[in-house]
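For reference, final-v5.pdb is printed below; it contains PDB, C-alpha atoms.
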```
ATOM      1  CA  MET A   1      16.054-114.192  61.450
ATOM      2  CA  LYS A   2      13.512-113.655  58.685
ATOM      3  CA  LYS A   3      12.652-110.301  60.248
ATOM      4  CA  LEU A   4      16.319-109.340  60.303
ATOM      5  CA  LEU A   5      16.729-110.331  56.637
ATOM      6  CA  PHE A   6      13.651-108.298  55.739
ATOM      7  CA  ILE A   7      15.002-105.234  57.553
ATOM      8  CA  LEU A   8      18.397-105.627  55.838
ATOM      9  CA  LEU A   9      16.722-106.076  52.437
ATOM     10  CA  ALA A  10      14.432-103.106  53.048
ATOM     11  CA  GLY A  11      17.433-101.029  54.107
ATOM     12  CA  THR A  12      19.389-101.985  50.968
ATOM     13  CA  CYS A  13      16.419-101.152  48.736
ATOM     14  CA  GLY A  14      16.051 -97.841  50.512
ATOM     15  CA  LEU A  15      19.716 -97.066  49.822
ATOM     16  CA  VAL A  16      19.336 -97.918  46.142
ATOM     17  CA  TRP A  17      16.144 -95.852  45.992
ATOM     18  CA  ALA A  18      17.881 -92.954  47.650
ATOM     19  CA  GLN A  19      20.779 -93.203  45.180
ATOM     20  CA  THR A  20      18.567 -93.316  42.125
ATOM     21  CA  ASN A  21      16.548 -90.353  43.301
ATOM     22  CA  GLN A  22      19.482 -87.988  43.597
ATOM     23  CA  PRO A  23      18.506 -84.706  41.946
ATOM     24  CA  ALA A  24      20.171 -84.605  38.531
ATOM     25  CA  GLN A  25      22.670 -81.848  37.817
ATOM     26  CA  LYS A  26      20.849 -79.636  35.349
ATOM     27  CA  LYS A  27      22.984 -78.289  32.538
ATOM     28  CA  PRO A  28      22.163 -74.730  31.557
ATOM     29  CA  PRO A  29      20.269 -74.687  28.276
ATOM     30  CA  ALA A  30      22.435 -73.907  25.254
ATOM     31  CA  ALA A  31      21.991 -70.372  23.988
ATOM     32  CA  PRO A  32      20.272 -70.087  20.625
ATOM     33  CA  THR A  33      22.179 -69.196  17.469
ATOM     34  CA  ASP A  34      20.936 -66.520  15.059
ATOM     35  CA  ILE A  35      21.938 -66.696  11.396
ATOM     36  CA  ASN A  36      21.114 -63.902   8.973
ATOM     37  CA  SER A  37      21.873 -63.841   5.260
ATOM     38  CA  ASP A  38      20.696 -62.438   1.958
ATOM     39  CA  SER A  39      19.592 -65.859   0.694
ATOM     40  CA  ALA A  40      19.641 -69.539   1.630
ATOM     41  CA  ASP A  41      19.453 -72.841  -0.219
ATOM     42  CA  PHE A  42      18.263 -75.893   1.725
ATOM     43  CA  ASP A  43      19.031 -79.252   0.112
ATOM     44  CA  LEU A  44      16.695 -81.527   2.055
ATOM     45  CA  ASN A  45      17.867 -84.701   0.330
ATOM     46  CA  GLY A  46      21.551 -83.908   0.725
ATOM     47  CA  ARG A  47      20.913 -82.541   4.239
ATOM     48  CA  ARG A  48      22.883 -79.363   3.579
ATOM     49  CA  VAL A  49      22.084 -75.666   3.823
ATOM     50  CA  GLU A  50      24.016 -72.891   2.104
ATOM     51  CA  TYR A  51      23.679 -69.302   3.322
ATOM     52  CA  LEU A  52      24.815 -66.655   0.845
ATOM     53  CA  GLY A  53      25.518 -62.933   1.063
ATOM     54  CA  HIS A  54      26.182 -60.834   4.181
ATOM     55  CA  VAL A  55      26.067 -63.897   6.408
ATOM     56  CA  THR A  56      26.217 -63.280  10.152
ATOM     57  CA  VAL A  57      26.199 -65.927  12.869
ATOM     58  CA  LYS A  58      25.648 -64.829  16.457
ATOM     59  CA  ASP A  59      25.430 -66.754  19.688
ATOM     60  CA  ALA A  60      26.774 -66.486  23.216
ATOM     61  CA  GLN A  61      30.310 -67.509  22.205
ATOM     62  CA  ILE A  62      30.819 -66.494  18.575
ATOM     63  CA  ASN A  63      30.092 -63.655  16.212
ATOM     64  CA  LEU A  64      30.962 -64.594  12.646
ATOM     65  CA  GLN A  65      30.705 -62.688   9.385
ATOM     66  CA  CYS A  66      31.301 -64.199   5.938
ATOM     67  CA  ASP A  67      29.983 -64.331   2.383
ATOM     68  CA  ARG A  68      29.103 -68.039   2.268
ATOM     69  CA  LEU A  69      28.271 -70.465   5.070
ATOM     70  CA  VAL A  70      27.601 -74.137   4.377
ATOM     71  CA  VAL A  71      26.196 -76.349   7.140
ATOM     72  CA  ASP A  72      25.845 -80.106   6.834
ATOM     73  CA  LEU A  73      22.534 -80.691   8.566
ATOM     74  CA  PRO A  74      22.729 -83.287  11.342
ATOM     75  CA  GLU A  75      20.190 -85.922  12.203
ATOM     76  CA  SER A  76      17.568 -84.652  14.624
ATOM     77  CA  GLY A  77      19.070 -83.984  18.056
ATOM     78  CA  GLN A  78      22.691 -84.257  16.906
ATOM     79  CA  ARG A  79      25.230 -81.523  16.272
ATOM     80  CA  PRO A  80      26.583 -80.524  12.857
ATOM     81  CA  SER A  81      29.703 -82.426  11.791
ATOM     82  CA  ARG A  82      30.890 -79.889   9.229
ATOM     83  CA  ILE A  83      30.437 -76.150   8.756
ATOM     84  CA  SER A  84      32.450 -74.052   6.330
ATOM     85  CA  ALA A  85      32.654 -70.272   6.115
ATOM     86  CA  GLU A  86      34.192 -68.449   3.168
ATOM     87  CA  SER A  87      34.629 -64.872   2.167
ATOM     88  CA  GLY A  88      35.873 -62.993  -0.855
ATOM     89  CA  SER A  89      37.527 -60.603   1.549
ATOM     90  CA  ARG A  90      37.908 -61.921   5.129
ATOM     91  CA  VAL A  91      35.923 -64.174   7.411
ATOM     92  CA  LEU A  92      35.624 -62.295  10.702
ATOM     93  CA  ILE A  93      35.226 -64.208  13.940
ATOM     94  CA  ASP A  94      34.911 -62.701  17.414
ATOM     95  CA  LEU A  95      34.798 -65.314  20.111
ATOM     96  CA  ILE A  96      34.911 -65.622  23.865
ATOM     97  CA  GLN A  97      36.697 -68.600  25.379
ATOM     98  CA  ASN A  98      37.294 -69.048  29.097
ATOM     99  CA  GLY A  99      36.365 -65.411  29.623
ATOM    100  CA  GLN A 100      38.948 -64.154  27.102
ATOM    101  CA  LYS A 101      38.086 -62.327  23.895
ATOM    102  CA  TYR A 102      39.688 -63.220  20.574
ATOM    103  CA  HIS A 103      39.394 -61.628  17.150
ATOM    104  CA  ILE A 104      40.189 -63.905  14.203
ATOM    105  CA  THR A 105      40.328 -63.208  10.492
ATOM    106  CA  ALA A 106      40.935 -65.621   7.606
ATOM    107  CA  THR A 107      39.724 -66.344   4.105
ATOM    108  CA  ASN A 108      38.249 -69.714   5.085
ATOM    109  CA  ALA A 109      37.113 -71.283   8.328
ATOM    110  CA  LEU A 110      36.205 -74.969   8.548
ATOM    111  CA  TYR A 111      34.502 -76.452  11.617
ATOM    112  CA  LEU A 112      34.727 -80.220  12.027
ATOM    113  CA  TYR A 113      33.214 -82.328  14.796
ATOM    114  CA  SER A 114      33.554 -86.061  15.247
ATOM    115  CA  VAL A 115      33.897 -88.659  17.968
ATOM    116  CA  GLU A 116      36.211 -91.550  17.108
ATOM    117  CA  ASN A 117      37.213 -94.244  19.625
ATOM    118  CA  SER A 118      35.816 -92.074  22.434
ATOM    119  CA  VAL A 119      38.057 -89.165  21.350
ATOM    120  CA  THR A 120      36.248 -85.928  20.547
ATOM    121  CA  ASN A 121      37.575 -83.869  17.656
ATOM    122  CA  ASP A 122      36.089 -80.385  17.805
ATOM    123  CA  THR A 123      38.178 -77.978  15.738
ATOM    124  CA  VAL A 124      37.998 -74.853  13.609
ATOM    125  CA  THR A 125      40.676 -74.743  10.891
ATOM    126  CA  LEU A 126      41.509 -71.281   9.593
ATOM    127  CA  THR A 127      43.298 -70.877   6.257
ATOM    128  CA  GLY A 128      44.008 -68.023   3.884
ATOM    129  CA  SER A 129      46.419 -65.790   5.842
ATOM    130  CA  PRO A 130      44.758 -66.393   9.188
ATOM    131  CA  VAL A 131      45.353 -63.954  12.030
ATOM    132  CA  ALA A 132      44.326 -64.588  15.641
ATOM    133  CA  GLN A 133      44.425 -61.688  18.050
ATOM    134  CA  SER A 134      43.912 -61.699  21.789
ATOM    135  CA  GLU A 135      43.965 -58.661  24.040
ATOM    136  CA  GLU A 136      47.746 -58.892  24.239
ATOM    137  CA  ASN A 137      49.237 -60.513  21.161
ATOM    138  CA  VAL A 138      48.675 -61.286  17.519
ATOM    139  CA  ILE A 139      49.542 -64.568  15.832
ATOM    140  CA  GLU A 140      49.803 -65.140  12.095
ATOM    141  CA  GLY A 141      50.457 -68.387  10.259
ATOM    142  CA  ASP A 142      49.728 -70.385   7.124
ATOM    143  CA  LYS A 143      47.100 -72.331   9.029
ATOM    144  CA  ILE A 144      45.685 -71.930  12.511
ATOM    145  CA  ILE A 145      43.634 -74.649  14.174
ATOM    146  CA  TRP A 146      41.449 -73.684  17.123
ATOM    147  CA  ASP A 147      40.956 -76.809  19.210
ATOM    148  CA  ARG A 148      37.671 -76.237  21.017
ATOM    149  CA  VAL A 149      38.285 -79.193  23.351
ATOM    150  CA  THR A 150      41.606 -77.945  24.756
ATOM    151  CA  GLY A 151      41.071 -74.250  24.035
ATOM    152  CA  HIS A 152      44.449 -74.048  22.260
ATOM    153  CA  PHE A 153      45.322 -72.375  18.979
ATOM    154  CA  ARG A 154      47.818 -74.401  16.940
ATOM    155  CA  VAL A 155      49.752 -72.437  14.335
ATOM    156  CA  TYR A 156      51.226 -74.226  11.293
ATOM    157  CA  GLY A 157      53.706 -73.111   8.626
ATOM    158  CA  HIS A 158      55.299 -69.701   8.587
ATOM    159  CA  HIS A 159      54.201 -67.947  11.710
ATOM    160  CA  GLU A 160      54.831 -64.666  13.424
ATOM    161  CA  THR A 161      53.990 -63.153  16.763
ATOM    162  CA  LEU A 162      53.371 -59.508  16.056
ATOM    163  CA  GLN A 163      52.970 -58.300  19.596
ATOM    164  CA  ALA A 164      54.519 -59.953  22.642
ATOM    165  CA  PRO A 165      52.660 -60.139  25.938
ATOM    166  CA  GLN A 166      53.301 -57.028  27.999
ATOM    167  CA  ASP A 167      53.319 -58.864  31.325
ATOM    168  CA  GLY A 168      53.052 -62.338  32.685
ATOM    169  CA  ARG A 169      49.301 -62.466  32.759
ATOM    170  CA  THR A 170      47.605 -65.538  31.393
ATOM    171  CA  ASN A 171      45.269 -63.970  28.901
ATOM    172  CA  ALA A 172      47.718 -64.227  26.018
ATOM    173  CA  LEU A 173      46.762 -66.554  23.183
ATOM    174  CA  PRO A 174      47.147 -70.175  24.319
ATOM    175  CA  VAL A 175      49.238 -71.012  21.283
ATOM    176  CA  LYS A 176      51.161 -74.073  20.168
ATOM    177  CA  LEU A 177      53.536 -73.487  17.262
ATOM    178  CA  PHE A 178      54.326 -76.186  14.688
TER     179      PHE A 178
ATOM    180  CA  MET B   1     -34.357-102.438 -32.371
ATOM    181  CA  LYS B   2     -33.047-100.227 -35.151
ATOM    182  CA  PRO B   3     -29.999-101.361 -37.124
ATOM    183  CA  GLY B   4     -26.864 -99.948 -35.496
ATOM    184  CA  GLY B   5     -28.446 -99.736 -32.029
ATOM    185  CA  LYS B   6     -25.643-101.800 -30.494
ATOM    186  CA  GLN B   7     -23.070 -99.392 -31.969
ATOM    187  CA  SER B   8     -24.967 -96.404 -30.519
ATOM    188  CA  ARG B   9     -24.937 -97.982 -27.058
ATOM    189  CA  LEU B  10     -21.146 -98.483 -27.376
ATOM    190  CA  VAL B  11     -20.687 -94.820 -28.283
ATOM    191  CA  LEU B  12     -22.880 -93.789 -25.340
ATOM    192  CA  THR B  13     -20.861 -95.986 -22.963
ATOM    193  CA  ALA B  14     -17.621 -94.503 -24.308
ATOM    194  CA  MET B  15     -18.979 -90.975 -23.741
ATOM    195  CA  ILE B  16     -19.969 -91.790 -20.143
ATOM    196  CA  LEU B  17     -16.501 -93.241 -19.533
ATOM    197  CA  PHE B  18     -14.885 -90.125 -21.065
ATOM    198  CA  ILE B  19     -16.950 -87.836 -18.805
ATOM    199  CA  ALA B  20     -16.091 -89.966 -15.771
ATOM    200  CA  VAL B  21     -12.355 -89.771 -16.591
ATOM    201  CA  ALA B  22     -12.628 -86.010 -17.158
ATOM    202  CA  GLN B  23     -14.339 -85.612 -13.766
ATOM    203  CA  ASP B  24     -11.582 -87.678 -12.117
ATOM    204  CA  ARG B  25      -8.921 -85.404 -13.602
ATOM    205  CA  ALA B  26     -10.889 -82.367 -12.443
ATOM    206  CA  GLN B  27     -10.379 -83.556  -8.844
ATOM    207  CA  GLN B  28      -6.614 -83.369  -9.304
ATOM    208  CA  ILE B  29      -6.580 -79.929 -10.936
ATOM    209  CA  PRO B  30      -9.550 -78.035  -9.481
ATOM    210  CA  ILE B  31     -11.589 -75.792 -11.766
ATOM    211  CA  GLY B  32     -12.777 -72.580 -10.168
ATOM    212  CA  HIS B  33     -12.248 -71.720  -6.501
ATOM    213  CA  ALA B  34     -11.475 -74.676  -4.321
ATOM    214  CA  THR B  35     -11.701 -74.386  -0.576
ATOM    215  CA  ALA B  36      -9.839 -76.641   1.838
ATOM    216  CA  PHE B  37      -7.179 -77.440  -0.744
ATOM    217  CA  ASN B  38      -5.331 -80.639   0.232
ATOM    218  CA  SER B  39      -2.701 -82.706  -1.523
ATOM    219  CA  ASP B  40      -0.678 -85.622  -0.150
ATOM    220  CA  MET B  41       2.520 -86.948  -1.675
ATOM    221  CA  TYR B  42       4.041 -90.309  -0.924
ATOM    222  CA  PHE B  43       7.563 -91.686  -0.682
ATOM    223  CA  GLU B  44       9.102 -93.693  -3.474
ATOM    224  CA  PRO B  45       9.098 -97.528  -3.113
ATOM    225  CA  PRO B  46       9.507 -99.340  -0.791
ATOM    226  CA  ASN B  47       7.788 -96.637   1.330
ATOM    227  CA  GLU B  48       5.130 -95.779  -1.219
ATOM    228  CA  ASP B  49       2.343 -96.175   1.375
ATOM    229  CA  LYS B  50       3.810 -93.488   3.668
ATOM    230  CA  VAL B  51       3.064 -89.779   3.338
ATOM    231  CA  LYS B  52       6.141 -87.716   2.442
ATOM    232  CA  MET B  53       4.491 -84.318   2.198
ATOM    233  CA  LYS B  54       1.125 -82.708   2.909
ATOM    234  CA  LEU B  55       0.122 -79.484   1.211
ATOM    235  CA  SER B  56      -2.990 -77.574   2.183
ATOM    236  CA  GLY B  57      -4.460 -74.131   1.693
ATOM    237  CA  THR B  58      -7.631 -72.237   2.487
ATOM    238  CA  GLU B  59      -8.249 -71.424  -1.175
ATOM    239  CA  ALA B  60      -6.835 -72.469  -4.551
ATOM    240  CA  LEU B  61      -7.438 -70.529  -7.766
ATOM    241  CA  PRO B  62      -6.422 -72.138 -11.090
ATOM    242  CA  GLN B  63      -3.943 -70.140 -13.142
ATOM    243  CA  PRO B  64      -2.945 -70.426 -16.825
ATOM    244  CA  GLY B  65      -0.489 -73.252 -17.444
ATOM    245  CA  GLY B  66      -1.975 -75.655 -14.935
ATOM    246  CA  SER B  67      -0.812 -73.961 -11.762
ATOM    247  CA  LEU B  68      -2.757 -72.963  -8.671
ATOM    248  CA  GLU B  69      -2.630 -69.767  -6.664
ATOM    249  CA  VAL B  70      -2.912 -70.969  -3.096
ATOM    250  CA  LYS B  71      -3.802 -68.828  -0.095
ATOM    251  CA  ASN B  72      -2.510 -69.633   3.382
ATOM    252  CA  LEU B  73      -0.422 -72.545   2.211
ATOM    253  CA  GLN B  74       0.738 -75.016   4.816
ATOM    254  CA  ILE B  75       3.348 -77.636   3.972
ATOM    255  CA  GLU B  76       4.479 -80.438   6.231
ATOM    256  CA  THR B  77       7.129 -83.006   5.345
ATOM    257  CA  PHE B  78       7.639 -86.294   7.172
ATOM    258  CA  TYR B  79      10.342 -88.867   7.773
ATOM    259  CA  THR B  80       9.588 -92.413   6.664
ATOM    260  CA  ASN B  81       8.683 -93.273  10.293
ATOM    261  CA  GLY B  82       5.862 -90.719  10.183
ATOM    262  CA  VAL B  83       7.596 -88.142  12.406
ATOM    263  CA  SER B  84       7.218 -84.538  11.286
ATOM    264  CA  GLN B  85      10.374 -83.189   9.587
ATOM    265  CA  LEU B  86       9.485 -79.627   8.573
ATOM    266  CA  GLN B  87       6.443 -77.370   8.652
ATOM    267  CA  ALA B  88       6.146 -74.303   6.403
ATOM    268  CA  GLU B  89       3.575 -71.552   5.997
ATOM    269  CA  SER B  90       3.091 -68.900   3.329
ATOM    270  CA  PRO B  91       0.166 -66.471   2.995
ATOM    271  CA  LEU B  92       0.118 -66.605  -0.816
ATOM    272  CA  CYS B  93       2.022 -68.704  -3.348
ATOM    273  CA  VAL B  94       1.794 -70.519  -6.668
ATOM    274  CA  TYR B  95       1.738 -74.312  -6.790
ATOM    275  CA  ARG B  96       3.062 -75.459 -10.178
ATOM    276  CA  LEU B  97       1.879 -79.029 -10.455
ATOM    277  CA  ILE B  98       3.771 -79.844 -13.670
ATOM    278  CA  ASP B  99       7.111 -78.658 -12.250
ATOM    279  CA  SER B 100       6.433 -79.970  -8.716
ATOM    280  CA  THR B 101       7.281 -76.572  -7.273
ATOM    281  CA  VAL B 102       5.745 -74.005  -4.960
ATOM    282  CA  ASP B 103       7.014 -70.430  -5.236
ATOM    283  CA  SER B 104       6.160 -66.972  -4.041
ATOM    284  CA  ALA B 105       7.540 -63.459  -3.723
ATOM    285  CA  GLY B 106       5.939 -63.310  -0.286
ATOM    286  CA  HIS B 107       6.928 -64.301   3.202
ATOM    287  CA  LEU B 108       7.746 -67.841   4.323
ATOM    288  CA  GLU B 109       8.002 -69.316   7.807
ATOM    289  CA  VAL B 110       9.624 -72.725   8.312
ATOM    290  CA  ARG B 111      10.197 -74.696  11.497
ATOM    291  CA  SER B 112      11.490 -78.180  12.155
ATOM    292  CA  GLY B 113       9.177 -80.818  13.518
ATOM    293  CA  ASP B 114      11.017 -80.863  16.866
ATOM    294  CA  GLY B 115      10.854 -77.054  17.139
ATOM    295  CA  ARG B 116      14.634 -76.690  17.508
ATOM    296  CA  PHE B 117      15.106 -74.910  14.191
ATOM    297  CA  ARG B 118      13.128 -72.175  12.491
ATOM    298  CA  THR B 119      13.801 -69.940   9.524
ATOM    299  CA  SER B 120      11.983 -67.217   7.664
ATOM    300  CA  GLY B 121      12.500 -65.058   4.602
ATOM    301  CA  ASP B 122      10.874 -63.291   1.691
ATOM    302  CA  GLY B 123      10.576 -64.912  -1.713
ATOM    303  CA  PHE B 124      11.036 -68.647  -2.032
ATOM    304  CA  CYS B 125      10.919 -71.660  -4.317
ATOM    305  CA  LEU B 126      10.273 -75.140  -2.973
ATOM    306  CA  VAL B 127      11.091 -78.046  -5.310
ATOM    307  CA  PHE B 128       9.773 -81.455  -4.357
ATOM    308  CA  LYS B 129      10.821 -83.800  -7.136
ATOM    309  CA  PRO B 130      11.751 -87.383  -6.234
ATOM    310  CA  GLY B 131      15.324 -87.383  -4.945
ATOM    311  CA  ALA B 132      15.625 -83.592  -5.224
ATOM    312  CA  THR B 133      13.719 -81.801  -2.497
ATOM    313  CA  SER B 134      15.072 -78.309  -1.950
ATOM    314  CA  LEU B 135      14.032 -74.919  -0.643
ATOM    315  CA  TYR B 136      15.544 -71.661  -1.860
ATOM    316  CA  ILE B 137      14.798 -68.446   0.057
ATOM    317  CA  SER B 138      15.892 -65.393  -1.877
ATOM    318  CA  ASN B 139      15.753 -62.466   0.570
ATOM    319  CA  ARG B 140      16.194 -61.504   4.225
ATOM    320  CA  VAL B 141      16.786 -64.987   5.566
ATOM    321  CA  HIS B 142      16.722 -65.312   9.351
ATOM    322  CA  THR B 143      17.412 -68.631  11.051
ATOM    323  CA  VAL B 144      17.245 -69.462  14.755
ATOM    324  CA  ILE B 145      18.742 -72.698  16.084
ATOM    325  CA  GLU B 146      17.392 -73.063  19.615
ATOM    326  CA  ALA B 147      20.039 -75.505  20.863
ATOM    327  CA  GLY B 148      22.903 -73.495  19.363
ATOM    328  CA  LEU B 149      24.864 -74.231  16.210
ATOM    329  CA  LEU B 150      28.125 -74.994  18.010
ATOM    330  CA  LYS B 151      27.517 -76.468  21.412
ATOM    331  CA  PRO B 152      30.178 -75.586  23.975
TER     332      PRO B 152
END
```
Using structure tokens, write down the structure that the file contains.
Amino acid sequence: MKKLLFILLAGTCGLVWAQTNQPAQKKPPAAPTDINSDSADFDLNGRRVEYLGHVTVKDAQINLQCDRLVVDLPESGQRPSRISAESGSRVLIDLIQNGQKYHITATNALYLYSVENSVTNDTVTLTGSPVAQSEENVIEGDKIIWDRVTGHFRVYGHHETLQAPQDGRTNALPVKLF
Amino acid sequence: MKPGGKQSRLVLTAMILFIAVAQDRAQQIPIGHATAFNSDMYFEPPNEDKVKMKLSGTEALPQPGGSLEVKNLQIETFYTNGVSQLQAESPLCVYRLIDSTVDSAGHLEVRSGDGRFRTSGDGFCLVFKPGATSLYISNRVHTVIEAGLLKP
């Protein structure tokens, strides 16, 4: 009986051991981001950095050009909660989402990230005559919010679709109008 | 003993004390070339026993106005738990002790203690006053964030 219990116990431990030694799914490392600018001001007490003049941001998903970029510096290991981009002319954003290319212009772009009650808010709000263009259509509005969680563009206020999709393909802007 | 001998000894003691104080000050603001330049700064209370910033250089040459021209400056700032926050290097700069600033028209390399962030540029001013630590880079700023600015 004792021998049987020992075998059962050893078997259970072996199962637990086998479960805990499953090879972990490795996430691909995030691609680095390059930021270039004429000048930069790092406020180490306020944990904020301001890039000024001919600012470009490049990574695997986004190319951004603006005159002023302000990043609230996160605690070590965390992601920024607020990034704003402004331009005297237009903020230019080229991005790739789900394999589709989008070209966005606006006067201001505000990135906000937060997690509240297990709900992730990960948005880019575009104001100042924003225009979002996919390969097949162009959307204008008073405000466009790019929800990075759902991949949708939400258009607020007066809006206009300048070019309708030419066929039923799915690479039109995933837009919700309000 | 001559009359007034006690007074003379007091004057002599005062002179020795004055020289000792002058020598102590000379350690803070080096006169002539100083190799292995090192300066530690501490946090404000209640963390006054913890190092906030270390400055070092291979050579420091006093300049008019109480500043130092420092070669191969290395700066490291720390969190209150002792973990490295930022490390910076500049081949040549001026350390203005009275203003608590370091500035240069030359190149600057900065990296975070965890290595996930690095930036460089030409021409900078670092201000390290209590409650107002800032770094301004005036030209050709290039920043690399290894983990990405916006994670997918």
Within 6 Å of chain B: each chain A residue with its shortest pair, all atoms listed in the file, as JSON lines:
```
{"residue": "A:Ala30", "atom": "CA", "partner": "B:Ala147", "partner_atom": "CA", "distance": 5.3}
{"residue": "A:Ala31", "atom": "CA", "partner": "B:Gly148", "partner_atom": "CA", "distance": 5.7}
{"residue": "A:Pro32", "atom": "CA", "partner": "B:Glu146", "partner_atom": "CA", "distance": 4.3}
{"residue": "A:Thr33", "atom": "CA", "partner": "B:Gly148", "partner_atom": "CA", "distance": 4.8}
{"residue": "A:Asp34", "atom": "CA", "partner": "B:Val144", "partner_atom": "CA", "distance": 4.7}
{"residue": "A:Ile35", "atom": "CA", "partner": "B:Thr143", "partner_atom": "CA", "distance": 4.9}
{"residue": "A:Asn36", "atom": "CA", "partner": "B:His142", "partner_atom": "CA", "distance": 4.6}
{"residue": "A:Ser37", "atom": "CA", "partner": "B:Val141", "partner_atom": "CA", "distance": 5.2}
{"residue": "A:Asp38", "atom": "CA", "partner": "B:Arg140", "partner_atom": "CA", "distance": 5.1}
{"residue": "A:Ser39", "atom": "CA", "partner": "B:Ser138", "partner_atom": "CA", "distance": 4.5}
{"residue": "A:Ala40", "atom": "CA", "partner": "B:Ile137", "partner_atom": "CA", "distance": 5.2}
{"residue": "A:Asp41", "atom": "CA", "partner": "B:Tyr136", "partner_atom": "CA", "distance": 4.4}
{"residue": "A:Phe42", "atom": "CA", "partner": "B:Leu135", "partner_atom": "CA", "distance": 4.9}
{"residue": "A:Asp43", "atom": "CA", "partner": "B:Ser134", "partner_atom": "CA", "distance": 4.6}
{"residue": "A:Leu44", "atom": "CA", "partner": "B:Ser134", "partner_atom": "CA", "distance": 5.4}
{"residue": "A:Asn45", "atom": "CA", "partner": "B:Thr133", "partner_atom": "CA", "distance": 5.8}
```
query: In terms of the shortest atom-to-atom distance over only C-alpha atoms, which of B:Gly106, B:Pro91, B:Gly57, B:Gly65 is closest to Phe37 in chain B?
result: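 Nearest candidate to Phe37 in chain B out of B:Gly106, B:Pro91, B:Gly57, B:Gly65: B:Gly57.
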message: Just the number, please: distance in Å from CA of Lys101 in chain A to CA of Val71 in chain A, one decimal.
response: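 About the pair CA of Lys101 in chain A and CA of Val71 in chain A: they are 24.9 Å apart.
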statement: A straight line from CA of Ser84 in chain B to CA of Ala36 in chain B spans 21.0 Å
query: What is the CA of Glu86 in chain A-CA of Val49 in chain A distance in Å, reported with one decimal?
result: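 Computing it gives 14.1 Å between the two atoms.
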